[in-house]
Amino acid sequence: MNDLNLSNVQLDALREIGNIGAGNAASALGQLLDKTVMIDLPLVKLLNLDEAGGLENFKGPEDIRIAFYFKILGELKGGALVVFSKKDSLLMSDVLLRKTPGETVLLSPLEMSSLSETSYIFSCSYLNAIGDLLNIQQLIPSLPQLAVDNATGEPLYNRAGEGTNFLLKRFVGPDINRIISIENNVTIEHITINLFVTLLLEHESIHKTLNILGM
């Protein structure tokens, strides 16, 4: 794509922003669950949604069953996307509701609500850390939008590899065609729950972020 023309140093700075945001969110989630939450090093990618193949570089769980999208409200434009595979959504609900891991086989409205609220808390903590770092006030997520698989148990997409494409096309909107994806994988103790979170920023907000950092 590269009319963004970002250097390796600038990419490292954006990667560190993702690391700080995810670390703060993991701490909040750990306090909520009273468990140890681990964060992988973030993966930073530049994506042009208008280019053929641009979306294929955006990765997530292969079997996406539930996704929560939060639009960023404030001085930066973009959003936060939290997605779960079927297995991880069931395990996460067990953890949240203090059940035995593996007990839940079907998500009820209560379990769905707990997943939504947890994703919102995670996104709030993520954005709060970024706002503090950049000295941007009131950088908060909107109320979540939800995408979920149908009653037959099919994934959110019909052909392999189209899940994240579908989500980005649905949520990012036609006015945003260049984004930076900061991807984090979150694991909760020995239960091995992978919570996939990505921060999506449109290109003007990327430049604004770098300007604030003096880059």
# chains A, B, ... in the order shown; residues from 1 in each chain; ligands from 1
>>> residues_around(residues="region 65-72 of chain A", least_positions_apart="4", cutoff="6 Å", atoms="only C-alpha atoms", output="number ranges by chain")
A: 77-86, 140-142, 144-149, 155-156
>>> write_last_selection(atoms="all heavy atoms", output="compact mmCIF listing (two decimals), in the first residue's frame")
# COMPACT_ATOMS: atom_id res chain seq x y z
N LYS A 77 -9.70 7.94 15.18
CA LYS A 77 -10.80 7.27 14.47
C LYS A 77 -10.39 5.85 14.13
O LYS A 77 -9.28 5.59 13.69
CB LYS A 77 -11.15 8.04 13.19
CG LYS A 77 -11.66 9.45 13.45
CD LYS A 77 -12.13 10.12 12.18
CE LYS A 77 -12.57 11.56 12.45
NZ LYS A 77 -13.68 11.60 13.41
N GLY A 78 -11.31 4.95 14.34
CA GLY A 78 -11.05 3.53 14.09
C GLY A 78 -11.92 2.70 15.01
O GLY A 78 -13.07 3.08 15.31
N GLY A 79 -11.40 1.58 15.46
CA GLY A 79 -12.19 0.73 16.32
C GLY A 79 -11.35 -0.35 16.95
O GLY A 79 -10.15 -0.49 16.67
N ALA A 80 -11.97 -1.10 17.84
CA ALA A 80 -11.35 -2.27 18.47
C ALA A 80 -12.22 -3.47 18.17
O ALA A 80 -13.45 -3.40 18.25
CB ALA A 80 -11.22 -2.06 19.97
N LEU A 81 -11.60 -4.58 17.81
CA LEU A 81 -12.31 -5.79 17.43
C LEU A 81 -11.87 -6.93 18.34
O LEU A 81 -10.67 -7.20 18.47
CB LEU A 81 -12.02 -6.13 15.97
CG LEU A 81 -12.76 -7.30 15.35
CD1 LEU A 81 -14.26 -7.00 15.26
CD2 LEU A 81 -12.22 -7.59 13.95
N VAL A 82 -12.82 -7.57 19.00
CA VAL A 82 -12.54 -8.71 19.88
C VAL A 82 -13.28 -9.91 19.31
O VAL A 82 -14.50 -9.87 19.15
CB VAL A 82 -13.02 -8.44 21.33
CG1 VAL A 82 -12.72 -9.63 22.23
CG2 VAL A 82 -12.36 -7.17 21.88
N VAL A 83 -12.55 -10.99 19.02
CA VAL A 83 -13.20 -12.15 18.41
C VAL A 83 -12.84 -13.42 19.19
O VAL A 83 -11.77 -13.54 19.78
CB VAL A 83 -12.81 -12.31 16.92
CG1 VAL A 83 -13.28 -11.12 16.11
CG2 VAL A 83 -11.32 -12.50 16.75
N PHE A 84 -13.78 -14.36 19.17
CA PHE A 84 -13.62 -15.64 19.85
C PHE A 84 -13.91 -16.78 18.88
O PHE A 84 -14.83 -16.69 18.07
CB PHE A 84 -14.62 -15.78 21.00
CG PHE A 84 -14.47 -14.81 22.12
CD1 PHE A 84 -15.15 -13.60 22.11
CD2 PHE A 84 -13.66 -15.11 23.20
CE1 PHE A 84 -15.03 -12.71 23.16
CE2 PHE A 84 -13.54 -14.22 24.26
CZ PHE A 84 -14.21 -13.01 24.24
N SER A 85 -13.16 -17.85 18.99
CA SER A 85 -13.56 -19.11 18.36
C SER A 85 -14.68 -19.72 19.21
O SER A 85 -14.94 -19.28 20.34
CB SER A 85 -12.38 -20.07 18.27
OG SER A 85 -12.02 -20.51 19.57
N LYS A 86 -15.32 -20.75 18.68
CA LYS A 86 -16.38 -21.41 19.45
C LYS A 86 -15.83 -21.95 20.76
O LYS A 86 -16.40 -21.73 21.83
CB LYS A 86 -17.00 -22.53 18.63
CG LYS A 86 -18.09 -23.30 19.38
CD LYS A 86 -18.66 -24.41 18.54
CE LYS A 86 -19.73 -25.19 19.32
NZ LYS A 86 -20.30 -26.28 18.51
N ILE A 140 -12.58 6.53 24.34
CA ILE A 140 -13.38 5.44 24.88
C ILE A 140 -14.05 4.66 23.74
O ILE A 140 -14.28 5.18 22.65
CB ILE A 140 -14.47 5.95 25.85
CG1 ILE A 140 -15.40 6.94 25.13
CG2 ILE A 140 -13.84 6.60 27.07
CD1 ILE A 140 -16.56 7.40 25.97
N PRO A 141 -14.37 3.38 24.02
CA PRO A 141 -15.10 2.61 23.01
C PRO A 141 -16.60 2.86 23.10
O PRO A 141 -17.14 3.14 24.17
CB PRO A 141 -14.76 1.16 23.37
CG PRO A 141 -14.55 1.19 24.85
CD PRO A 141 -13.96 2.54 25.15
N SER A 142 -17.28 2.75 21.96
CA SER A 142 -18.73 2.84 21.94
C SER A 142 -19.33 1.57 22.53
O SER A 142 -18.61 0.62 22.89
CB SER A 142 -19.21 2.99 20.49
OG SER A 142 -18.94 1.80 19.77
N PRO A 144 -20.87 -2.01 22.29
CA PRO A 144 -20.44 -3.00 21.31
C PRO A 144 -21.49 -3.34 20.27
O PRO A 144 -22.69 -3.33 20.55
CB PRO A 144 -20.13 -4.23 22.19
CG PRO A 144 -20.98 -4.05 23.39
CD PRO A 144 -21.04 -2.58 23.64
N GLN A 145 -21.01 -3.61 19.07
CA GLN A 145 -21.81 -4.25 18.04
C GLN A 145 -21.42 -5.72 18.02
O GLN A 145 -20.25 -6.06 18.16
CB GLN A 145 -21.55 -3.62 16.67
CG GLN A 145 -21.91 -2.15 16.58
CD GLN A 145 -21.64 -1.62 15.19
OE1 GLN A 145 -22.11 -2.17 14.20
NE2 GLN A 145 -20.88 -0.55 15.12
N LEU A 146 -22.39 -6.58 17.80
CA LEU A 146 -22.17 -8.02 17.91
C LEU A 146 -22.41 -8.71 16.58
O LEU A 146 -23.37 -8.41 15.87
CB LEU A 146 -23.11 -8.61 18.96
CG LEU A 146 -23.22 -10.14 19.04
CD1 LEU A 146 -21.90 -10.75 19.49
CD2 LEU A 146 -24.36 -10.54 19.97
N ALA A 147 -21.52 -9.62 16.24
CA ALA A 147 -21.75 -10.56 15.14
C ALA A 147 -21.59 -11.96 15.72
O ALA A 147 -20.66 -12.23 16.47
CB ALA A 147 -20.74 -10.34 14.01
N VAL A 148 -22.52 -12.84 15.40
CA VAL A 148 -22.50 -14.18 15.99
C VAL A 148 -22.89 -15.20 14.94
O VAL A 148 -23.59 -14.88 13.97
CB VAL A 148 -23.45 -14.25 17.21
CG1 VAL A 148 -24.89 -14.04 16.79
CG2 VAL A 148 -23.29 -15.55 17.98
N ASP A 149 -22.45 -16.44 15.12
CA ASP A 149 -22.81 -17.49 14.17
C ASP A 149 -24.30 -17.79 14.25
O ASP A 149 -24.99 -17.39 15.19
CB ASP A 149 -21.98 -18.75 14.42
CG ASP A 149 -22.26 -19.37 15.80
OD1 ASP A 149 -23.01 -18.77 16.58
OD2 ASP A 149 -21.70 -20.43 16.08
N PRO A 155 -19.77 -21.16 11.11
CA PRO A 155 -18.98 -19.97 11.44
C PRO A 155 -19.60 -18.72 10.84
O PRO A 155 -20.59 -18.78 10.12
CB PRO A 155 -17.61 -20.28 10.80
CG PRO A 155 -17.59 -21.77 10.65
CD PRO A 155 -19.01 -22.16 10.37
N LEU A 156 -18.97 -17.58 11.12
CA LEU A 156 -19.47 -16.30 10.63
C LEU A 156 -19.26 -16.11 9.14
O LEU A 156 -19.64 -15.11 8.58
CB LEU A 156 -18.77 -15.15 11.38
CG LEU A 156 -19.25 -14.90 12.80
CD1 LEU A 156 -18.29 -13.98 13.52
CD2 LEU A 156 -20.63 -14.30 12.80
>>> select_by_dssp(residues="region 14-118 of chain A", states="alpha helix (DSSP H)", output="NGL selection string")
:A and (14-33 or 86-96 or 109-118)
>>> residues_around(residues="Ser7 (chain A)", least_positions_apart="5", cutoff="12 Å", atoms="only C-alpha atoms", output="PyMOL selection string")
chain A and resi 2+12-14+46+210+215
>>> residues_around(residues="Lys87 (chain A)", least_positions_apart="3", cutoff="10 Å", atoms="only C-alpha atoms", output="list in words")
Asp63, Ile64, Arg65, Phe84, Leu90, Leu91, Met92, Gly102, Thr104, Val105, Ile193 and Asn194 of chain A
>>> residues_around(residues="Gly21 (chain A)", least_positions_apart="6", cutoff="10 Å", atoms="only C-alpha atoms", output="list in words")
Arg15, Phe122, Ser123, Cys124, Ser125, Tyr126, Leu127, Asn128, Ala129, Ile130, Gly131, Asp132, Leu133, Asn184 and Leu199 of chain A
>>> write_last_selection(atoms="N, CA, C and O atoms", output="CSV table (one decimal), in the first residue's frame")
chain,number,residue,atom,x,y,z
A,15,ARG,N,3.9,-0.6,17.6
A,15,ARG,CA,3.9,-1.9,18.2
A,15,ARG,C,4.0,-1.7,19.8
A,15,ARG,O,3.3,-2.4,20.5
A,122,PHE,N,-12.3,-4.9,28.6
A,122,PHE,CA,-10.9,-5.1,28.0
A,122,PHE,C,-10.6,-3.9,27.1
A,122,PHE,O,-9.5,-3.3,27.1
A,123,SER,N,-11.6,-3.5,26.2
A,123,SER,CA,-11.4,-2.5,25.3
A,123,SER,C,-11.2,-1.1,25.9
A,123,SER,O,-10.4,-0.3,25.5
A,124,CYS,N,-12.0,-0.9,27.0
A,124,CYS,CA,-11.9,0.4,27.7
A,124,CYS,C,-10.5,0.5,28.3
A,124,CYS,O,-9.8,1.6,28.2
A,125,SER,N,-10.0,-0.6,29.0
A,125,SER,CA,-8.7,-0.5,29.6
A,125,SER,C,-7.6,-0.4,28.5
A,125,SER,O,-6.6,0.4,28.7
A,126,TYR,N,-7.8,-1.0,27.4
A,126,TYR,CA,-6.8,-0.9,26.3
A,126,TYR,C,-6.7,0.6,25.8
A,126,TYR,O,-5.6,1.1,25.7
A,127,LEU,N,-7.9,1.2,25.6
A,127,LEU,CA,-7.9,2.6,25.1
A,127,LEU,C,-7.5,3.6,26.1
A,127,LEU,O,-6.9,4.6,25.8
A,128,ASN,N,-7.8,3.3,27.4
A,128,ASN,CA,-7.4,4.2,28.5
A,128,ASN,C,-5.9,4.3,28.5
A,128,ASN,O,-5.3,5.4,28.7
A,129,ALA,N,-5.2,3.2,28.4
A,129,ALA,CA,-3.7,3.2,28.4
A,129,ALA,C,-3.2,4.0,27.2
A,129,ALA,O,-2.2,4.7,27.4
A,130,ILE,N,-3.7,3.8,26.1
A,130,ILE,CA,-3.3,4.5,24.9
A,130,ILE,C,-3.5,6.0,25.0
A,130,ILE,O,-2.7,6.9,24.7
A,131,GLY,N,-4.7,6.4,25.6
A,131,GLY,CA,-5.0,7.8,25.8
A,131,GLY,C,-4.1,8.4,26.8
A,131,GLY,O,-3.7,9.6,26.6
A,132,ASP,N,-3.7,7.7,27.9
A,132,ASP,CA,-2.8,8.2,28.8
A,132,ASP,C,-1.4,8.5,28.2
A,132,ASP,O,-0.8,9.5,28.4
A,133,LEU,N,-1.0,7.5,27.4
A,133,LEU,CA,0.3,7.6,26.7
A,133,LEU,C,0.4,8.8,25.8
A,133,LEU,O,1.4,9.5,25.8
A,184,ASN,N,-3.1,-8.8,19.1
A,184,ASN,CA,-2.7,-9.4,20.4
A,184,ASN,C,-3.4,-10.7,20.6
A,184,ASN,O,-4.6,-10.8,20.5
A,199,LEU,N,-6.6,-3.5,17.3
A,199,LEU,CA,-6.9,-2.1,17.3
A,199,LEU,C,-6.8,-1.6,15.8
A,199,LEU,O,-5.7,-1.8,15.2
>>> atom_distance(atom1="CA of Leu32 (chain A)", atom2="CA of Val197 (chain A)")
17.5 Å
>>> closest_residue(among="A:Leu29, A:Ile188, A:Leu76, A:Ile20", to="Ser119 (chain A)", atoms="only C-alpha atoms")
A:Leu29
>>> residues_around(residues="Ser181 (chain A)", least_positions_apart="6", cutoff="9 Å", atoms="only C-alpha atoms", output="list of chain:residue names")
A:Leu43, A:Val44, A:Lys45, A:Leu46, A:Leu47, A:Phe58, A:Thr198, A:Leu199, A:Leu200, A:Leu201
>>> select_by_dssp(residues="region 77-161 of chain A", states="strand (DSSP E)", output="PyMOL selection string")
chain A and resi 78-85+140-141+145-148
>>> atom_distance(atom1="CA of Ser114 (chain A)", atom2="CA of Asn185 (chain A)")
19.6 Å
>>> atom_distance(atom1="CA of Ile39 (chain A)", atom2="CA of Glu117 (chain A)")
19.7 Å
>>> closest_residue(among="A:Asp40, A:Asp88, A:Glu183, A:Glu111", to="Gly23 (chain A)", atoms="only C-alpha atoms")
A:Asp40
>>> decode(residues="region 74-87 of chain A", atoms="all heavy atoms", output="PDB file, in the first residue's frame")
ATOM      1  N   GLY A  74     -13.656   9.777  20.228  1.00  0.00           N
ATOM      2  CA  GLY A  74     -12.623  10.692  20.699  1.00  0.00           C
ATOM      3  C   GLY A  74     -11.793  11.213  19.554  1.00  0.00           C
ATOM      4  O   GLY A  74     -12.270  11.326  18.418  1.00  0.00           O
ATOM      5  N   GLU A  75     -10.542  11.535  19.832  1.00  0.00           N
ATOM      6  CA  GLU A  75      -9.693  12.207  18.855  1.00  0.00           C
ATOM      7  C   GLU A  75      -9.101  11.272  17.808  1.00  0.00           C
ATOM      8  O   GLU A  75      -8.594  11.735  16.792  1.00  0.00           O
ATOM      9  CB  GLU A  75      -8.559  12.952  19.575  1.00  0.00           C
ATOM     10  CG  GLU A  75      -9.059  14.085  20.465  1.00  0.00           C
ATOM     11  CD  GLU A  75      -7.914  14.846  21.102  1.00  0.00           C
ATOM     12  OE1 GLU A  75      -6.885  15.038  20.427  1.00  0.00           O
ATOM     13  OE2 GLU A  75      -8.040  15.228  22.272  1.00  0.00           O
ATOM     14  N   LEU A  76      -9.105   9.989  18.063  1.00  0.00           N
ATOM     15  CA  LEU A  76      -8.642   9.012  17.078  1.00  0.00           C
ATOM     16  C   LEU A  76      -9.840   8.322  16.445  1.00  0.00           C
ATOM     17  O   LEU A  76     -10.873   8.141  17.100  1.00  0.00           O
ATOM     18  CB  LEU A  76      -7.731   7.969  17.726  1.00  0.00           C
ATOM     19  CG  LEU A  76      -6.449   8.469  18.387  1.00  0.00           C
ATOM     20  CD1 LEU A  76      -5.651   7.301  18.952  1.00  0.00           C
ATOM     21  CD2 LEU A  76      -5.598   9.273  17.414  1.00  0.00           C
ATOM     22  N   LYS A  77      -9.703   7.937  15.184  1.00  0.00           N
ATOM     23  CA  LYS A  77     -10.796   7.274  14.470  1.00  0.00           C
ATOM     24  C   LYS A  77     -10.386   5.847  14.132  1.00  0.00           C
ATOM     25  O   LYS A  77      -9.278   5.586  13.694  1.00  0.00           O
ATOM     26  CB  LYS A  77     -11.149   8.045  13.193  1.00  0.00           C
ATOM     27  CG  LYS A  77     -11.655   9.450  13.454  1.00  0.00           C
ATOM     28  CD  LYS A  77     -12.127  10.116  12.176  1.00  0.00           C
ATOM     29  CE  LYS A  77     -12.571  11.560  12.445  1.00  0.00           C
ATOM     30  NZ  LYS A  77     -13.684  11.598  13.411  1.00  0.00           N
ATOM     31  N   GLY A  78     -11.309   4.946  14.343  1.00  0.00           N
ATOM     32  CA  GLY A  78     -11.052   3.535  14.094  1.00  0.00           C
ATOM     33  C   GLY A  78     -11.923   2.703  15.007  1.00  0.00           C
ATOM     34  O   GLY A  78     -13.065   3.077  15.313  1.00  0.00           O
ATOM     35  N   GLY A  79     -11.403   1.584  15.455  1.00  0.00           N
ATOM     36  CA  GLY A  79     -12.195   0.729  16.321  1.00  0.00           C
ATOM     37  C   GLY A  79     -11.346  -0.353  16.953  1.00  0.00           C
ATOM     38  O   GLY A  79     -10.152  -0.487  16.673  1.00  0.00           O
ATOM     39  N   ALA A  80     -11.975  -1.103  17.838  1.00  0.00           N
ATOM     40  CA  ALA A  80     -11.348  -2.265  18.468  1.00  0.00           C
ATOM     41  C   ALA A  80     -12.218  -3.469  18.170  1.00  0.00           C
ATOM     42  O   ALA A  80     -13.451  -3.398  18.248  1.00  0.00           O
ATOM     43  CB  ALA A  80     -11.220  -2.059  19.973  1.00  0.00           C
ATOM     44  N   LEU A  81     -11.596  -4.577  17.808  1.00  0.00           N
ATOM     45  CA  LEU A  81     -12.311  -5.789  17.432  1.00  0.00           C
ATOM     46  C   LEU A  81     -11.866  -6.930  18.341  1.00  0.00           C
ATOM     47  O   LEU A  81     -10.671  -7.203  18.473  1.00  0.00           O
ATOM     48  CB  LEU A  81     -12.018  -6.131  15.972  1.00  0.00           C
ATOM     49  CG  LEU A  81     -12.764  -7.301  15.348  1.00  0.00           C
ATOM     50  CD1 LEU A  81     -14.258  -6.999  15.263  1.00  0.00           C
ATOM     51  CD2 LEU A  81     -12.218  -7.591  13.951  1.00  0.00           C
ATOM     52  N   VAL A  82     -12.818  -7.570  19.004  1.00  0.00           N
ATOM     53  CA  VAL A  82     -12.544  -8.707  19.884  1.00  0.00           C
ATOM     54  C   VAL A  82     -13.284  -9.912  19.315  1.00  0.00           C
ATOM     55  O   VAL A  82     -14.502  -9.870  19.151  1.00  0.00           O
ATOM     56  CB  VAL A  82     -13.018  -8.435  21.325  1.00  0.00           C
ATOM     57  CG1 VAL A  82     -12.720  -9.626  22.229  1.00  0.00           C
ATOM     58  CG2 VAL A  82     -12.365  -7.167  21.877  1.00  0.00           C
ATOM     59  N   VAL A  83     -12.554 -10.989  19.017  1.00  0.00           N
ATOM     60  CA  VAL A  83     -13.198 -12.152  18.411  1.00  0.00           C
ATOM     61  C   VAL A  83     -12.843 -13.422  19.185  1.00  0.00           C
ATOM     62  O   VAL A  83     -11.772 -13.540  19.783  1.00  0.00           O
ATOM     63  CB  VAL A  83     -12.813 -12.314  16.920  1.00  0.00           C
ATOM     64  CG1 VAL A  83     -13.283 -11.120  16.110  1.00  0.00           C
ATOM     65  CG2 VAL A  83     -11.318 -12.501  16.754  1.00  0.00           C
ATOM     66  N   PHE A  84     -13.781 -14.356  19.165  1.00  0.00           N
ATOM     67  CA  PHE A  84     -13.624 -15.641  19.847  1.00  0.00           C
ATOM     68  C   PHE A  84     -13.909 -16.781  18.880  1.00  0.00           C
ATOM     69  O   PHE A  84     -14.831 -16.694  18.065  1.00  0.00           O
ATOM     70  CB  PHE A  84     -14.624 -15.779  21.002  1.00  0.00           C
ATOM     71  CG  PHE A  84     -14.467 -14.808  22.122  1.00  0.00           C
ATOM     72  CD1 PHE A  84     -15.147 -13.602  22.111  1.00  0.00           C
ATOM     73  CD2 PHE A  84     -13.661 -15.105  23.203  1.00  0.00           C
ATOM     74  CE1 PHE A  84     -15.027 -12.709  23.158  1.00  0.00           C
ATOM     75  CE2 PHE A  84     -13.535 -14.218  24.263  1.00  0.00           C
ATOM     76  CZ  PHE A  84     -14.208 -13.010  24.240  1.00  0.00           C
ATOM     77  N   SER A  85     -13.160 -17.854  18.995  1.00  0.00           N
ATOM     78  CA  SER A  85     -13.559 -19.107  18.362  1.00  0.00           C
ATOM     79  C   SER A  85     -14.675 -19.717  19.215  1.00  0.00           C
ATOM     80  O   SER A  85     -14.937 -19.279  20.340  1.00  0.00           O
ATOM     81  CB  SER A  85     -12.382 -20.067  18.271  1.00  0.00           C
ATOM     82  OG  SER A  85     -12.025 -20.513  19.574  1.00  0.00           O
ATOM     83  N   LYS A  86     -15.320 -20.746  18.681  1.00  0.00           N
ATOM     84  CA  LYS A  86     -16.379 -21.410  19.449  1.00  0.00           C
ATOM     85  C   LYS A  86     -15.832 -21.952  20.759  1.00  0.00           C
ATOM     86  O   LYS A  86     -16.398 -21.732  21.829  1.00  0.00           O
ATOM     87  CB  LYS A  86     -17.004 -22.529  18.626  1.00  0.00           C
ATOM     88  CG  LYS A  86     -18.087 -23.301  19.379  1.00  0.00           C
ATOM     89  CD  LYS A  86     -18.661 -24.415  18.538  1.00  0.00           C
ATOM     90  CE  LYS A  86     -19.725 -25.186  19.319  1.00  0.00           C
ATOM     91  NZ  LYS A  86     -20.304 -26.280  18.507  1.00  0.00           N
ATOM     92  N   LYS A  87     -14.709 -22.672  20.695  1.00  0.00           N
ATOM     93  CA  LYS A  87     -14.128 -23.284  21.883  1.00  0.00           C
ATOM     94  C   LYS A  87     -13.782 -22.235  22.931  1.00  0.00           C
ATOM     95  O   LYS A  87     -14.093 -22.385  24.117  1.00  0.00           O
ATOM     96  CB  LYS A  87     -12.876 -24.082  21.504  1.00  0.00           C
ATOM     97  CG  LYS A  87     -12.111 -24.660  22.692  1.00  0.00           C
ATOM     98  CD  LYS A  87     -10.871 -25.407  22.255  1.00  0.00           C
ATOM     99  CE  LYS A  87      -9.792 -24.487  21.741  1.00  0.00           C
ATOM    100  NZ  LYS A  87      -9.178 -23.665  22.829  1.00  0.00           N
TER     101      LYS A  87
END
